[in-house]
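Chemist: Hey, dropping final-v4.cif in here, mmCIF, C-alpha atoms and all ligand atoms:
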```cif
data_work
#
loop_
_atom_site.label_atom_id
_atom_site.label_comp_id
_atom_site.auth_asym_id
_atom_site.auth_seq_id
_atom_site.Cartn_x
_atom_site.Cartn_y
_atom_site.Cartn_z
CA MET L 1 28.94 98.60 -57.57
CA LYS L 2 31.51 99.42 -60.23
CA THR L 3 30.45 100.90 -63.53
CA HIS L 4 32.04 101.56 -66.88
CA LYS L 5 31.99 104.06 -69.70
CA THR L 6 28.80 104.31 -71.76
CA ASN L 7 30.74 103.37 -74.86
CA ALA L 8 31.46 99.88 -73.50
CA PRO L 9 28.62 98.09 -75.30
CA SER L 10 29.31 94.60 -73.88
CA CYS L 11 28.87 95.75 -70.29
CA ASP L 12 25.98 94.16 -68.38
CA CYS L 13 25.48 97.34 -66.36
CA LEU L 14 24.90 99.44 -69.47
CA PRO L 15 21.19 100.13 -68.89
CA LEU L 16 22.14 101.97 -65.75
CA PHE L 17 23.69 104.81 -67.68
CA LYS L 18 20.74 105.74 -69.75
CA TRP L 19 19.75 108.09 -66.97
CA VAL L 20 23.16 109.29 -65.88
CA SER L 21 24.36 112.67 -67.18
CA PRO L 22 27.36 112.35 -69.60
CA ALA L 23 29.74 114.17 -67.26
CA ILE L 24 29.37 111.44 -64.68
CA HIS L 25 30.46 108.47 -66.68
CA ASP L 26 32.88 110.18 -69.01
CA GLY L 27 36.12 108.73 -67.69
CA GLU L 28 37.08 105.86 -65.40
CA PRO L 29 34.55 103.61 -63.60
CA VAL L 30 32.58 105.44 -60.92
CA LEU L 31 30.36 104.36 -58.04
CA ILE L 32 26.65 104.74 -58.55
CA MET L 33 26.41 105.80 -54.92
CA SER L 34 28.27 108.98 -55.70
CA ILE L 35 25.85 110.00 -58.40
CA ASN L 36 22.61 109.06 -56.67
CA SER L 37 22.00 112.60 -55.41
CA LYS L 38 21.95 113.94 -58.96
CA LEU L 39 19.32 111.47 -60.12
CA THR L 40 15.60 112.03 -60.38
CA PRO L 41 13.34 109.73 -58.29
CA GLU L 42 12.48 107.73 -61.40
CA GLU L 43 16.17 107.24 -62.20
CA LYS L 44 16.83 106.19 -58.61
CA ARG L 45 14.01 103.68 -58.81
CA LEU L 46 15.37 102.17 -62.02
CA ILE L 47 18.88 102.00 -60.60
CA LYS L 48 17.55 100.26 -57.50
CA ILE L 49 15.92 97.65 -59.72
CA ALA L 50 19.12 97.21 -61.72
CA ARG L 51 21.13 96.83 -58.52
CA GLY L 52 18.74 94.20 -57.27
CA LYS L 53 19.12 92.36 -60.55
CA ALA L 54 22.91 92.53 -60.34
CA TYR L 55 22.86 91.34 -56.73
CA ARG L 56 20.69 88.37 -57.59
CA LYS L 57 22.93 87.56 -60.53
CA ASN L 58 26.04 87.61 -58.32
CA ASN L 59 24.39 85.66 -55.48
CA PRO L 60 22.43 82.89 -57.19
CA GLU L 61 22.23 80.66 -54.06
CA LYS L 62 20.87 83.47 -51.92
CA LYS L 63 18.41 84.35 -54.66
CA ALA L 64 17.24 80.73 -54.95
CA ALA L 65 16.90 80.39 -51.17
CA SER L 66 14.90 83.55 -50.74
CA ALA L 67 12.72 82.73 -53.76
CA LYS L 68 12.01 79.30 -52.29
CA ALA L 69 11.20 80.78 -48.89
CA TRP L 70 8.79 83.17 -50.53
CA ARG L 71 7.13 80.42 -52.54
CA ASP L 72 6.76 78.24 -49.45
CA LYS L 73 5.15 81.10 -47.59
CA ASN L 74 2.80 82.08 -50.39
CA LYS L 75 1.61 78.78 -51.84
CA GLU L 76 -2.05 79.77 -51.79
CA LYS L 77 -1.29 83.13 -53.38
CA ILE L 78 0.72 81.48 -56.17
CA ARG L 79 -2.02 78.95 -56.82
CA GLU L 80 -4.62 81.71 -57.07
CA HIS L 81 -2.39 83.73 -59.34
CA TYR L 82 -1.85 80.80 -61.72
CA LYS L 83 -5.55 80.03 -61.73
CA GLU L 84 -6.36 83.57 -62.75
CA TRP L 85 -3.60 83.61 -65.31
CA ALA L 86 -4.71 80.29 -66.82
CA ALA L 87 -8.30 81.52 -67.03
CA SER L 88 -7.30 84.61 -68.95
CA ASN L 89 -4.85 82.70 -71.19
CA PRO L 90 -6.81 79.63 -72.26
CA GLY L 91 -4.79 76.90 -73.96
CA VAL L 92 -1.41 78.49 -73.33
CA GLN L 93 -0.59 76.32 -70.34
CA THR L 94 -1.61 73.13 -72.16
CA GLN L 95 0.60 74.01 -75.10
CA ARG L 96 3.52 74.87 -72.81
CA SER L 97 3.21 71.57 -70.97
CA ARG L 98 3.04 69.74 -74.26
CA ASN L 99 6.19 71.48 -75.49
CA PHE L 100 7.99 70.77 -72.25
CA ARG L 101 7.14 67.07 -72.37
CA LYS L 102 8.21 66.92 -75.99
CA ASN L 103 11.57 68.59 -75.33
CA ASN L 104 12.32 66.80 -72.05
CA SER L 105 11.10 63.27 -72.67
CA GLU L 106 13.93 61.65 -70.66
CA LYS L 107 13.38 63.94 -67.69
CA VAL L 108 9.63 63.35 -67.78
CA LYS L 109 10.12 59.58 -67.98
CA ALA L 110 12.45 59.61 -64.96
CA TYR L 111 10.04 61.78 -63.01
CA LYS L 112 7.11 59.45 -63.81
CA THR L 113 9.05 56.39 -62.68
CA GLN L 114 10.02 58.15 -59.47
CA TRP L 115 6.43 59.18 -58.87
CA ARG L 116 5.09 55.67 -59.50
CA ASN L 117 7.65 54.16 -57.12
CA LYS L 118 6.73 56.67 -54.44
CA ASN L 119 2.98 56.29 -54.85
CA ARG L 120 2.47 52.55 -55.33
CA ASP L 121 -0.36 52.32 -52.79
CA LYS L 122 -2.11 55.35 -54.18
CA LEU L 123 -1.83 53.96 -57.69
CA ALA L 124 -3.13 50.54 -56.67
CA GLN L 125 -6.11 52.17 -54.97
CA TYR L 126 -6.79 54.30 -58.02
CA ARG L 127 -6.69 51.25 -60.29
CA LYS L 128 -9.02 49.37 -57.97
CA THR L 129 -11.54 52.19 -58.04
CA TRP L 130 -11.25 52.51 -61.80
CA ASP L 131 -11.72 48.76 -62.30
CA ALA L 132 -14.81 48.77 -60.11
CA LYS L 133 -16.28 51.57 -62.19
CA HIS L 134 -15.33 49.95 -65.51
CA PRO L 135 -15.70 46.18 -65.02
CA GLY L 136 -13.72 44.02 -67.44
CA LYS L 137 -12.30 47.00 -69.30
CA SER L 138 -8.73 46.84 -68.04
CA VAL L 139 -8.51 43.09 -68.72
CA ALA L 140 -9.79 43.63 -72.26
CA LYS L 141 -7.31 46.45 -72.71
CA ALA L 142 -4.41 44.30 -71.48
CA LEU L 143 -5.43 41.43 -73.76
CA GLU L 144 -5.66 43.80 -76.71
CA TRP L 145 -2.19 45.18 -75.94
CA ALA L 146 -0.74 41.65 -75.61
CA LYS L 147 -2.25 40.71 -78.96
CA ASN L 148 -0.69 43.73 -80.66
CA ASN L 149 2.69 43.44 -78.92
CA PRO L 150 3.54 39.72 -78.76
CA GLU L 151 7.33 40.18 -78.50
CA LYS L 152 7.07 42.81 -75.80
CA ARG L 153 4.62 40.68 -73.86
CA ALA L 154 6.83 37.59 -74.14
CA SER L 155 9.89 39.52 -73.00
CA ILE L 156 8.07 40.96 -70.00
CA MET L 157 6.76 37.52 -69.07
CA ILE L 158 10.27 36.04 -69.23
CA ALA L 159 11.73 38.80 -67.08
CA VAL L 160 8.91 38.95 -64.53
CA LYS L 161 8.16 35.24 -64.17
CA GLY L 162 11.85 34.53 -63.58
CA ARG L 163 12.00 37.25 -60.96
CA ILE L 164 9.04 35.74 -59.10
CA ARG L 165 10.59 32.27 -59.20
CA ALA L 166 13.96 33.64 -58.09
CA ALA L 167 12.33 35.49 -55.21
CA LYS L 168 10.68 32.26 -54.02
CA LYS L 169 14.06 30.48 -53.99
CA SER L 170 15.99 33.51 -52.71
CA ALA L 171 18.10 33.26 -55.88
CA PRO L 172 19.96 36.33 -57.16
CA VAL L 173 18.26 38.57 -59.72
CA GLY L 174 20.08 40.59 -62.37
CA GLU L 175 18.88 43.60 -64.29
CA LEU L 176 15.37 42.92 -65.59
CA LYS L 177 15.63 45.59 -68.26
CA ALA L 178 18.58 43.77 -69.85
CA ILE L 179 16.66 40.48 -69.78
CA LYS L 180 13.64 42.13 -71.40
CA GLU L 181 15.81 43.61 -74.14
CA TRP L 182 17.47 40.26 -74.78
CA ALA L 183 14.14 38.42 -74.96
CA LYS L 184 12.53 41.08 -77.13
CA GLN L 185 15.44 40.83 -79.53
CA TRP L 186 15.24 37.09 -80.19
CA LYS L 187 11.45 36.92 -79.91
CA SER L 188 11.25 39.27 -82.90
CA LEU L 189 13.52 37.13 -85.12
CA THR L 190 12.08 34.74 -87.74
CA VAL L 191 14.21 31.76 -86.77
CA VAL L 192 16.27 31.02 -83.67
CA SER L 193 18.55 28.16 -82.74
CA CYS L 194 18.18 26.11 -79.56
CA HIS L 195 21.29 26.44 -77.42
CA TRP L 196 21.22 22.72 -76.58
CA CYS L 197 20.07 20.70 -79.61
CA LYS L 198 21.16 23.39 -82.12
CA ASP L 199 17.99 22.87 -84.17
CA ALA L 200 16.22 25.84 -85.74
CA PHE L 201 12.81 26.94 -84.48
CA THR L 202 10.42 29.85 -84.71
CA PRO L 203 10.81 31.95 -81.56
CA ASN L 204 7.34 31.05 -80.26
CA LYS L 205 8.53 27.41 -80.00
CA CYS L 206 11.42 28.44 -77.76
CA GLN L 207 11.79 29.50 -74.15
CA ALA L 208 14.31 31.29 -71.99
CA ASP L 209 16.24 28.67 -70.05
CA HIS L 210 18.32 29.24 -66.91
CA VAL L 211 21.56 27.29 -67.44
CA MET L 212 22.01 26.84 -63.70
CA PRO L 213 18.39 26.27 -62.67
CA ILE L 214 16.87 28.77 -60.28
CA ALA L 215 15.89 25.76 -58.16
CA LYS L 216 19.62 25.07 -57.73
CA GLY L 217 20.38 28.68 -56.81
CA GLY L 218 21.10 29.90 -60.35
CA ALA L 219 20.60 33.60 -60.90
CA HIS L 220 17.83 35.15 -62.94
CA CYS L 221 20.26 37.22 -64.97
CA LEU L 222 21.39 37.65 -68.52
CA THR L 223 24.57 35.55 -68.16
CA ASN L 224 22.55 32.58 -66.92
CA LEU L 225 20.01 32.60 -69.75
CA VAL L 226 20.00 30.80 -73.09
CA ILE L 227 17.39 30.11 -75.74
CA ALA L 228 16.06 26.55 -75.49
CA CYS L 229 13.44 24.73 -77.51
CA GLN L 230 10.42 23.46 -75.59
CA SER L 231 11.61 19.87 -75.80
CA CYS L 232 15.11 20.58 -74.44
CA ASN L 233 13.81 22.92 -71.77
CA HIS L 234 11.31 20.30 -70.66
CA ARG L 235 13.91 17.50 -70.62
CA LYS L 236 16.48 19.63 -68.86
CA SER L 237 14.03 20.77 -66.20
CA ASP L 238 15.98 21.42 -62.95
CA LYS L 239 19.02 19.31 -63.83
CA HIS L 240 22.51 20.57 -63.04
CA PRO L 241 24.17 21.79 -66.28
CA ASP L 242 26.90 19.10 -66.02
CA ALA L 243 24.39 16.27 -65.88
CA TRP L 244 22.30 17.84 -68.61
CA LEU L 245 25.29 18.35 -70.94
CA LYS L 246 26.29 14.72 -70.54
CA GLU L 247 22.76 13.58 -71.29
CA ILE L 248 22.31 15.74 -74.36
CA ASN L 249 25.71 14.86 -75.85
CA ASP L 250 25.08 11.12 -75.25
CA THR L 251 21.63 11.10 -76.82
CA ARG L 252 22.12 13.40 -79.82
CA ARG L 253 21.23 11.81 -83.13
CA ASP L 254 23.05 14.21 -85.51
CA LYS L 255 26.58 13.42 -84.23
CA GLY L 256 27.52 17.09 -84.65
CA PRO L 257 30.11 18.75 -82.45
CA ALA L 258 29.47 18.29 -78.74
CA VAL L 259 27.54 20.98 -76.94
CA GLU L 260 29.80 22.87 -74.59
CA LEU L 261 29.29 25.63 -72.14
CA GLU L 262 31.45 28.62 -71.63
CA ILE L 263 32.63 29.00 -68.08
CA LEU L 264 30.57 31.96 -67.03
CA PRO L 265 30.14 33.41 -63.54
CA TYR L 266 26.90 31.52 -63.03
CA TYR L 267 28.48 28.18 -63.83
CA LYS L 268 29.95 26.95 -60.60
CA ASP L 269 29.02 24.60 -57.79
ZN ZN S 1 16.51 22.02 -78.22
#
```
Translate the structure of the given file into structure tokens.
Ligand SMILES: [Zn+2]
Modeler:
Amino acid sequence: MKTHKTNAPSCDCLPLFKWVSPAIHDGEPVLIMSINSKLTPEEKRLIKIARGKAYRKNNPEKKAASAKAWRDKNKEKIREHYKEWAASNPGVQTQRSRNFRKNNSEKVKAYKTQWRNKNRDKLAQYRKTWDAKHPGKSVAKALEWAKNNPEKRASIMIAVKGRIRAAKKSAPVGELKAIKEWAKQWKSLTVVSCHWCKDAFTPNKCQADHVMPIAKGGAHCLTNLVIACQSCNHRKSDKHPDAWLKEINDTRRDKGPAVELEILPYYKD
């Protein structure tokens, strides 16, 4: 280990020299080894600790590996230690966890998703047990949430129902999160326009319509979705977009510009 003069204040090794006589480190860097014999046992002990620290700092992978090995070997010991510590420091752990969650919300969210995906069966069993113990409570809770979050509920229904239908027809499915965002956005507007008849409606009178119907292999994805009023959506049903466009342009009363469709990836035979 190389060392430096005591008057080099930025040096990491500085604490080492507190116990070294001035003659030793007055001059060029010296090896600690060479001065060990002149140190008291306490100084030797402190230097050993400092060396260990320096070694761990310079070999982070080795340090991590050995720390992990130790933890794996001493799980019970660690658990006991934390238990004791938590008992003698009430509330500290709770506050720390709270702070961590607050400062790492993205990390926590990702971890929770990962956990839920990994433990689906466990979670389903837990819910079943909970429902049996609290009959009717979860349904009431869900209804209450739906009542307070109509746009969110509608957007989830659009995304999830479409996915179920697509799965039945083996049709492709796009990113559900994007569909939810899209639906949430227009469901929270005051007025929306039907993609087909161009009339204005309140969002609750409109539905998400798959331009190329799922029944005809259309994808449940953002580029295949438009806002349609109930009447148009009902009339269109599972018609091919070409047939539907002809029908709507032939039967429109307002004589406005013809309804056209952009050529998007979904729109092909
Ligand atoms: Zn319409």
Chemist: One decimal, Å: what's the distance from CA of Gln114 in chain L over to CA of Asn148 in chain L, could you say?
Modeler: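 That distance, rounded to one decimal, is 27.8 Å.
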Chemist: What is the CA of Val191 in chain L-CA of Glu151 in chain L distance in Å, reported with one decimal?
Modeler: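 The value is 13.7 Å.
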Chemist: Collect all residues with atoms no farther than 10 Å from ligand ZN 1 (chain S), counting only C-alpha atoms and all ligand atoms, and output them as a PyMOL selection string.
Modeler: chain L and resi 193-201+205-207+227-236+248
Chemist: Would you mind telling me which residue in L:Ile158, L:Val211, L:Asn59, L:Gly218 lies nearest to Leu245 in chain L when using only C-alpha atoms?
Modeler: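 Ranked by minimum distance to Leu245 in chain L, first place goes to L:Val211.
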Chemist: Give the answer as one residue: which of L:Pro257, L:Ala219, L:Pro150, L:Asp209 has the shortest atom-to-atom distance to Glu175 in chain L, using only C-alpha atoms?
Modeler: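 Distance minimum relative to Glu175 in chain L lands on L:Ala219.
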Chemist: Tell me, in Å to one decimal, how far CA of Asn204 in chain L is from CA of Ser155 in chain L.
Modeler: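 Result for CA of Asn204 in chain L versus CA of Ser155 in chain L: 11.4 Å, one decimal.
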Chemist: Using all atoms listed in the file, determine which residues lie at most 8 Å from Pro203 in chain L, disregarding the query and same-chain residues fewer than 5 positions distant; provide the list as a PyMOL selection string.
Modeler: chain L and resi 186-192
Chemist: Using all atoms listed in the file for the distances, tell me which of L:Arg153, L:Arg101, L:Lys147, L:Lys68 is nearest to Ala183 in chain L.
Modeler: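 Between L:Arg153, L:Arg101, L:Lys147, L:Lys68, the residue approaching Ala183 in chain L most closely is L:Arg153.
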Chemist: Which one of L:Ala258, L:Ala178, L:Val92, L:Ala132 sits closest to Leu222 in chain L if you count all atoms listed in the file?
Modeler: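 Of all the options, L:Ala178 lies closest to Leu222 in chain L.
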Chemist: Just want the 10 Å neighbourhood of Ile179 in chain L, counted on only C-alpha atoms, with same-chain residues fewer than 4 positions away dropped. Output as a list of chain:residue names.
Modeler: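 Residues meeting the cut-off are L:Ser155, L:Ile156, L:Ile158, L:Ala159, L:Val160, L:Gly162, L:Gly174, L:Glu175, L:Ala183, L:Lys184, L:Gln185, L:Ala208, L:His220, L:Cys221, L:Leu222, L:Thr223, L:Leu225.
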